[in-house]
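Q: One structure follows; several queries about it will come next.
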Amino acid sequence: MERRRRCLSLMVAAAFLAAAMLPSPGVAALSPDYYKSSCPDLESIVRYEVTRKKNETVVTIPATLRLVFHDCLVGGCDASVLIASPNDDAEKDASDNMSLAGDGFDTVNRVKAAVEKKCPGVVSCADIIALAARDVVYLADGPYWQVELGRLDGLVSKASDIKGKLPDPDMHVKELSAVFKKNGLSMVDLVALSGAHTVGFAHCTRFTDRLYYYSSSTPTDPSYNPDYAEQLKQACPANVGPTIAVNMDPVSPVTFDNIYFANLVNGLGLFTSDQVLYTDEATRPIVKQFAENQTAFFDAFVSSMIKLGRLGMKTGKDGEIRKVCTAFNH
């Protein structure tokens with residue numbers, strides 16, 4: 001058993017190393033020092049505004065972090081998810097994005113306004129999302145990492161571009177891994193990034209099928225811990241309204257830690273897409289390793305966030321530095 005665990009650790013470490021060495025289009029333009037001379041106080045401005053917003057509401061943490069996934073997995077990390085369209089046809093208007101909490105958008109917009117006062121027309125909204133996401137993780141007692149910077153903001157945002165690009169709460173590992181593989185992300189990335197569910201909440205309507213309508217003979221998904229299923233039924237009756245929500249991590253919901261993975265081992269995965277990471281043999285060893293070793297999870301999460309942040313970089317005429325994050329310049 002110990003030998004298998006050691007082998008898995010070596011495999012995961014090798015995966016990180018390979019990921020770091022893989023060349024990505026446009027990555028040469030990304031650097032943590034990108035704004036060193038053009039906006040030297042950038043990171044302190046972002047940290048100040050993110051901290052201020054987090055102190056108003058802890059929803060800031062998951063809401064800001066989710067923006068990274070919902071932006072980067074759809075056409076790359078270009079802040080297209082922030083665009084507000086008068087016709088309600090931008091990315092944020094797609095049904096898969098309706099659950100994005102307003103506090104995430106507010107966080108980025110506040111940071112942008114503060115940055116514009118100090119460094120007008122210099123810093124992209126895409127880079128602000130990346131920095132704000134790192135800061136909310138760190139402020140929730142998670143890892144800290146150097147964020148690669150130098151992205152441009154995209155020029156297109158269409159609700160119709162979303163379909164099939166984002167993970168769904170009802171997906172199983174085969175479907176989830178297909179979404180990640182399309183973006184050059186591995187099984188380890190899938191499990192590590194799913195660990196973002198260690199913070200935040202979910203509306204009951206996103207998982208009531210697991211509680212009440214799993215099958216005709218078995219109404220409740222048997223992979224739920226029975227006591228947890230009963231707690232969820234108390235919070236989320238069958239006819240629950242669309243505004244009622246519960247914590248994704250019932251043990252430490254506002255702390256970024258590895259408890260999410262221990263929860264999966266104990267049948268406390270809220271979504272199907274959470275619990276299958278443990279029930280599927282392809283991902284179970286990674287879940288078990290992260291449940292036992294928080295450092296391994298943190299290292300994997302940072303590596304995966306860096307890879308995610310390199311997706312679909314816009315360069316030259318394909319991008320711009322927006323004046324405000326909710327609207328294109330033209």
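Quick note on naming: the chains in the structure tokens go A, B, ... in the order shown, residues restart at 1 in each chain, and ligands are numbered from 1 in order of appearance.
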List the spatial neighbours of stretch 144-157 of chain A as a ChimeraX atom specification - criterion: any atom at most 7 Å away, only C-alpha atoms, same-chain residues fewer than 2 positions off excluded.
A: /A:29-32,34,78-81,83,90-91,124-127,130-131,134,138,142,159,302,313-315,318-322,328
Q: Would you put the residues from that selection into a file with N, CA and C atoms, as a compact mmCIF listing (two decimals), in the first residue's frame?
A:
```txt
# COMPACT_ATOMS: atom_id res chain seq x y z
N ALA A 29 4.84 35.74 -23.60
CA ALA A 29 4.45 37.12 -23.29
C ALA A 29 4.00 37.27 -21.85
N LEU A 30 3.73 36.14 -21.17
CA LEU A 30 3.24 36.21 -19.79
C LEU A 30 4.40 36.22 -18.81
N SER A 31 4.30 37.09 -17.80
CA SER A 31 5.34 37.17 -16.78
C SER A 31 4.77 37.80 -15.52
N PRO A 32 5.15 37.32 -14.34
CA PRO A 32 4.71 37.98 -13.11
C PRO A 32 5.15 39.44 -13.03
N TYR A 34 5.20 41.61 -15.57
CA TYR A 34 4.73 42.31 -16.77
C TYR A 34 4.45 43.80 -16.51
N ASP A 78 -9.82 35.81 -21.16
CA ASP A 78 -9.86 37.11 -21.84
C ASP A 78 -10.94 38.04 -21.29
N ALA A 79 -11.47 37.70 -20.09
CA ALA A 79 -12.47 38.54 -19.42
C ALA A 79 -13.77 38.71 -20.22
N SER A 80 -14.01 37.81 -21.16
CA SER A 80 -15.26 37.90 -21.94
C SER A 80 -16.48 37.61 -21.09
N VAL A 81 -16.28 36.89 -19.96
CA VAL A 81 -17.41 36.57 -19.08
C VAL A 81 -17.93 37.82 -18.35
N ILE A 83 -18.47 40.86 -19.76
CA ILE A 83 -19.19 41.79 -20.64
C ILE A 83 -20.70 41.78 -20.34
N ALA A 90 -24.60 38.06 -24.06
CA ALA A 90 -23.17 37.89 -23.79
C ALA A 90 -22.95 36.58 -23.00
N GLU A 91 -21.68 36.20 -22.80
CA GLU A 91 -21.38 34.95 -22.09
C GLU A 91 -22.07 34.86 -20.74
N SER A 124 -5.14 44.88 -17.97
CA SER A 124 -6.33 44.23 -18.53
C SER A 124 -7.23 43.67 -17.44
N CYS A 125 -8.50 43.54 -17.77
CA CYS A 125 -9.48 42.92 -16.86
C CYS A 125 -9.17 41.44 -16.69
N ALA A 126 -8.62 40.81 -17.76
CA ALA A 126 -8.26 39.40 -17.69
C ALA A 126 -7.18 39.17 -16.63
N ASP A 127 -6.22 40.07 -16.55
CA ASP A 127 -5.18 39.96 -15.53
C ASP A 127 -5.72 40.26 -14.14
N ALA A 130 -7.30 37.15 -12.77
CA ALA A 130 -6.29 36.19 -12.33
C ALA A 130 -5.70 36.58 -10.97
N LEU A 131 -5.40 37.86 -10.79
CA LEU A 131 -4.84 38.32 -9.51
C LEU A 131 -5.86 38.25 -8.39
N ARG A 134 -6.30 34.64 -7.21
CA ARG A 134 -5.19 34.22 -6.33
C ARG A 134 -5.36 34.80 -4.93
N TYR A 138 -5.78 32.94 -1.21
CA TYR A 138 -4.82 33.20 -0.13
C TYR A 138 -5.52 33.75 1.11
N GLY A 142 -5.61 29.58 1.79
CA GLY A 142 -5.09 28.69 0.76
C GLY A 142 -3.69 29.09 0.33
N ALA A 159 -23.24 34.40 -25.69
CA ALA A 159 -23.85 33.34 -24.88
C ALA A 159 -23.82 32.01 -25.62
N VAL A 302 -2.07 25.00 -7.49
CA VAL A 302 -1.29 26.12 -8.05
C VAL A 302 -0.83 25.78 -9.47
N MET A 313 -4.79 32.85 -24.84
CA MET A 313 -4.32 34.24 -24.73
C MET A 313 -4.60 35.04 -26.00
N LYS A 314 -5.09 36.24 -25.83
CA LYS A 314 -5.32 37.14 -26.98
C LYS A 314 -4.10 38.03 -27.15
N THR A 315 -3.69 38.20 -28.40
CA THR A 315 -2.53 39.06 -28.69
C THR A 315 -2.86 39.99 -29.85
N ASP A 318 -6.30 40.95 -31.73
CA ASP A 318 -7.36 40.09 -31.18
C ASP A 318 -7.76 40.51 -29.77
N GLY A 319 -7.10 41.54 -29.23
CA GLY A 319 -7.42 41.95 -27.87
C GLY A 319 -7.23 43.44 -27.64
N GLU A 320 -7.55 43.86 -26.42
CA GLU A 320 -7.45 45.27 -26.03
C GLU A 320 -7.31 45.36 -24.52
N ILE A 321 -7.05 46.55 -24.01
CA ILE A 321 -7.12 46.83 -22.57
C ILE A 321 -8.40 47.62 -22.36
N ARG A 322 -9.42 46.99 -21.83
CA ARG A 322 -10.71 47.67 -21.65
C ARG A 322 -10.60 48.81 -20.64
N PHE A 328 -16.81 46.56 -24.15
CA PHE A 328 -15.72 46.70 -25.11
C PHE A 328 -15.42 48.18 -25.31
```
Q: What's around A:Gly267 at 7 Å? Count only C-alpha atoms, leave out sequence neighbours fewer than 4 positions away in its own chain, and write the answer as a list in words.
A: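 These residues fall inside the cut-off: Ser223, Tyr224, Asn225, Asn263 and Gln275 of chain A.
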Q: Take the residues from that selection and put them in a file with N, CA, C and O atoms, as an mmCIF file, in the first residue's frame.
A:
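After the write, part_35.cif holds the following:
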```cif
data_model
loop_
_atom_site.group_PDB
_atom_site.id
_atom_site.type_symbol
_atom_site.label_atom_id
_atom_site.label_comp_id
_atom_site.auth_asym_id
_atom_site.auth_seq_id
_atom_site.Cartn_x
_atom_site.Cartn_y
_atom_site.Cartn_z
ATOM 1 N N SER A 223 -24.644 6.907 -3.287
ATOM 2 C CA SER A 223 -23.262 7.324 -2.985
ATOM 3 C C SER A 223 -23.216 8.475 -1.975
ATOM 4 O O SER A 223 -22.150 8.819 -1.464
ATOM 5 N N TYR A 224 -24.372 9.085 -1.681
ATOM 6 C CA TYR A 224 -24.451 10.067 -0.592
ATOM 7 C C TYR A 224 -24.292 9.355 0.743
ATOM 8 O O TYR A 224 -24.885 8.291 0.965
ATOM 9 N N ASN A 225 -23.547 9.931 1.653
ATOM 10 C CA ASN A 225 -23.581 9.500 3.046
ATOM 11 C C ASN A 225 -25.031 9.684 3.530
ATOM 12 O O ASN A 225 -25.600 10.772 3.381
ATOM 13 N N ASN A 263 -14.104 14.904 2.524
ATOM 14 C CA ASN A 263 -15.568 14.804 2.415
ATOM 15 C C ASN A 263 -15.974 13.788 1.348
ATOM 16 O O ASN A 263 -16.915 13.010 1.543
ATOM 17 N N GLN A 275 -18.771 13.778 -6.211
ATOM 18 C CA GLN A 275 -18.656 12.448 -5.622
ATOM 19 C C GLN A 275 -18.039 11.417 -6.562
ATOM 20 O O GLN A 275 -17.333 10.514 -6.127
#
```
Q: Using DSSP on the backbone, list every residue of stretch 125-242 of chain A that comes out as strand (DSSP E or B), and give them as a PyMOL selection string.
A: chain A and resi 149+153-154+201-203
Q: Mind the document's chain letters and residue numbers, and return as a ChimeraX atom specification the residues of stretch 213-313 of chain A that DSSP labels helix (DSSP H, G or I).
A: /A:226-235,259-265,272-279,284-292,294-309
Q: Please identify all polymer residues within 8 Å of A:Gly195, counting only C-alpha atoms, omitting same-chain residues fewer than 5 positions from it, and present them as JSON, numbers by chain.
A: {"A": [258, 260, 261, 301]}
Q: Show me, as a list of chain:residue names, the residues that have an atom within 12 Å of A:Lys288 when counting only C-alpha atoms, minus same-chain residues fewer than 5 positions from it.
A: A:Arg4, A:Arg5, A:Leu8, A:Ser9, A:Val191, A:Ala192, A:Asn258, A:Ile259, A:Tyr260, A:Phe261, A:Ala262, A:Asn263, A:Leu264, A:Val265, A:Asn266, A:Leu277, A:Tyr278, A:Thr279, A:Asp280, A:Glu281, A:Ala282, A:Thr283, A:Asn293, A:Gln294, A:Ala296, A:Phe297
Q: Please list as a list in words every residue within 12 Å of A:Ala178, counting only C-alpha atoms and excluding residues in the same chain fewer than 4 positions away.
A: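 Here the qualifying residues turn out to be Gly164, Lys165, Leu166, Pro167, Asp168, Met171, His172, Val173, Lys174, Lys182, Asn183, Gly184, Leu185, Ser186, Met187 and Leu190 of chain A.
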Q: Give me the residues within 8 Å of A:Ala84 as a ChimeraX atom specification, counting only C-alpha atoms and dropping any in the same chain fewer than 5 places off.
A: /A:90,92,326-327
Q: Might you pull out every residue within 7 Å of A:Asp221, with only C-alpha atoms counted and same-chain residues fewer than 5 positions away left off, and present them as a PDB file with all heavy atoms, in the first residue's frame?
A:
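The resulting selection.pdb:
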```
ATOM      1  N   ARG A 210     -30.448  14.373  -7.277  1.00  0.00           N
ATOM      2  CA  ARG A 210     -29.692  13.341  -6.538  1.00  0.00           C
ATOM      3  C   ARG A 210     -30.396  12.965  -5.247  1.00  0.00           C
ATOM      4  O   ARG A 210     -30.261  11.835  -4.758  1.00  0.00           O
ATOM      5  CB  ARG A 210     -28.293  13.843  -6.171  1.00  0.00           C
ATOM      6  CG  ARG A 210     -27.243  13.726  -7.237  1.00  0.00           C
ATOM      7  CD  ARG A 210     -25.857  14.008  -6.655  1.00  0.00           C
ATOM      8  NE  ARG A 210     -25.297  12.865  -5.975  1.00  0.00           N
ATOM      9  CZ  ARG A 210     -24.284  12.912  -5.112  1.00  0.00           C
ATOM     10  NH1 ARG A 210     -23.736  14.079  -4.814  1.00  0.00           N
ATOM     11  NH2 ARG A 210     -23.831  11.819  -4.536  1.00  0.00           N
ATOM     12  N   LEU A 211     -31.120  13.897  -4.677  1.00  0.00           N
ATOM     13  CA  LEU A 211     -31.783  13.650  -3.396  1.00  0.00           C
ATOM     14  C   LEU A 211     -33.131  12.947  -3.538  1.00  0.00           C
ATOM     15  O   LEU A 211     -33.476  12.093  -2.720  1.00  0.00           O
ATOM     16  CB  LEU A 211     -32.014  14.986  -2.662  1.00  0.00           C
ATOM     17  CG  LEU A 211     -30.823  15.661  -1.999  1.00  0.00           C
ATOM     18  CD1 LEU A 211     -31.248  16.994  -1.411  1.00  0.00           C
ATOM     19  CD2 LEU A 211     -30.216  14.770  -0.916  1.00  0.00           C
ATOM     20  N   TYR A 214     -33.284  10.122  -8.064  1.00  0.00           N
ATOM     21  CA  TYR A 214     -32.128   9.403  -8.598  1.00  0.00           C
ATOM     22  C   TYR A 214     -32.564   8.276  -9.530  1.00  0.00           C
ATOM     23  O   TYR A 214     -32.064   8.139 -10.632  1.00  0.00           O
ATOM     24  CB  TYR A 214     -31.283   8.856  -7.446  1.00  0.00           C
ATOM     25  CG  TYR A 214     -30.035   8.143  -7.894  1.00  0.00           C
ATOM     26  CD1 TYR A 214     -28.955   8.845  -8.433  1.00  0.00           C
ATOM     27  CD2 TYR A 214     -29.928   6.753  -7.775  1.00  0.00           C
ATOM     28  CE1 TYR A 214     -27.810   8.190  -8.849  1.00  0.00           C
ATOM     29  CE2 TYR A 214     -28.780   6.089  -8.187  1.00  0.00           C
ATOM     30  CZ  TYR A 214     -27.720   6.813  -8.727  1.00  0.00           C
ATOM     31  OH  TYR A 214     -26.589   6.157  -9.141  1.00  0.00           O
TER      32      TYR A 214
END
```
Q: What is the atom CA of A:Ala245-atom CA of A:Pro143 distance in Å, reported with one decimal?
A: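 About the pair atom CA of A:Ala245 and atom CA of A:Pro143: they are 26.7 Å apart.
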Q: To one decimal place, how far is atom CA of A:Val199 from atom CA of A:Tyr213 in Å?
A: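 Computing it gives 26.4 Å between the two atoms.
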Q: Would you mind telling me which residue in A:Ala94, A:Cys204, A:Val287, A:Leu65 lies nearest to A:Phe271 when using only C-alpha atoms?
A: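 With only C-alpha atoms as the atom set, the closest residue is A:Cys204.
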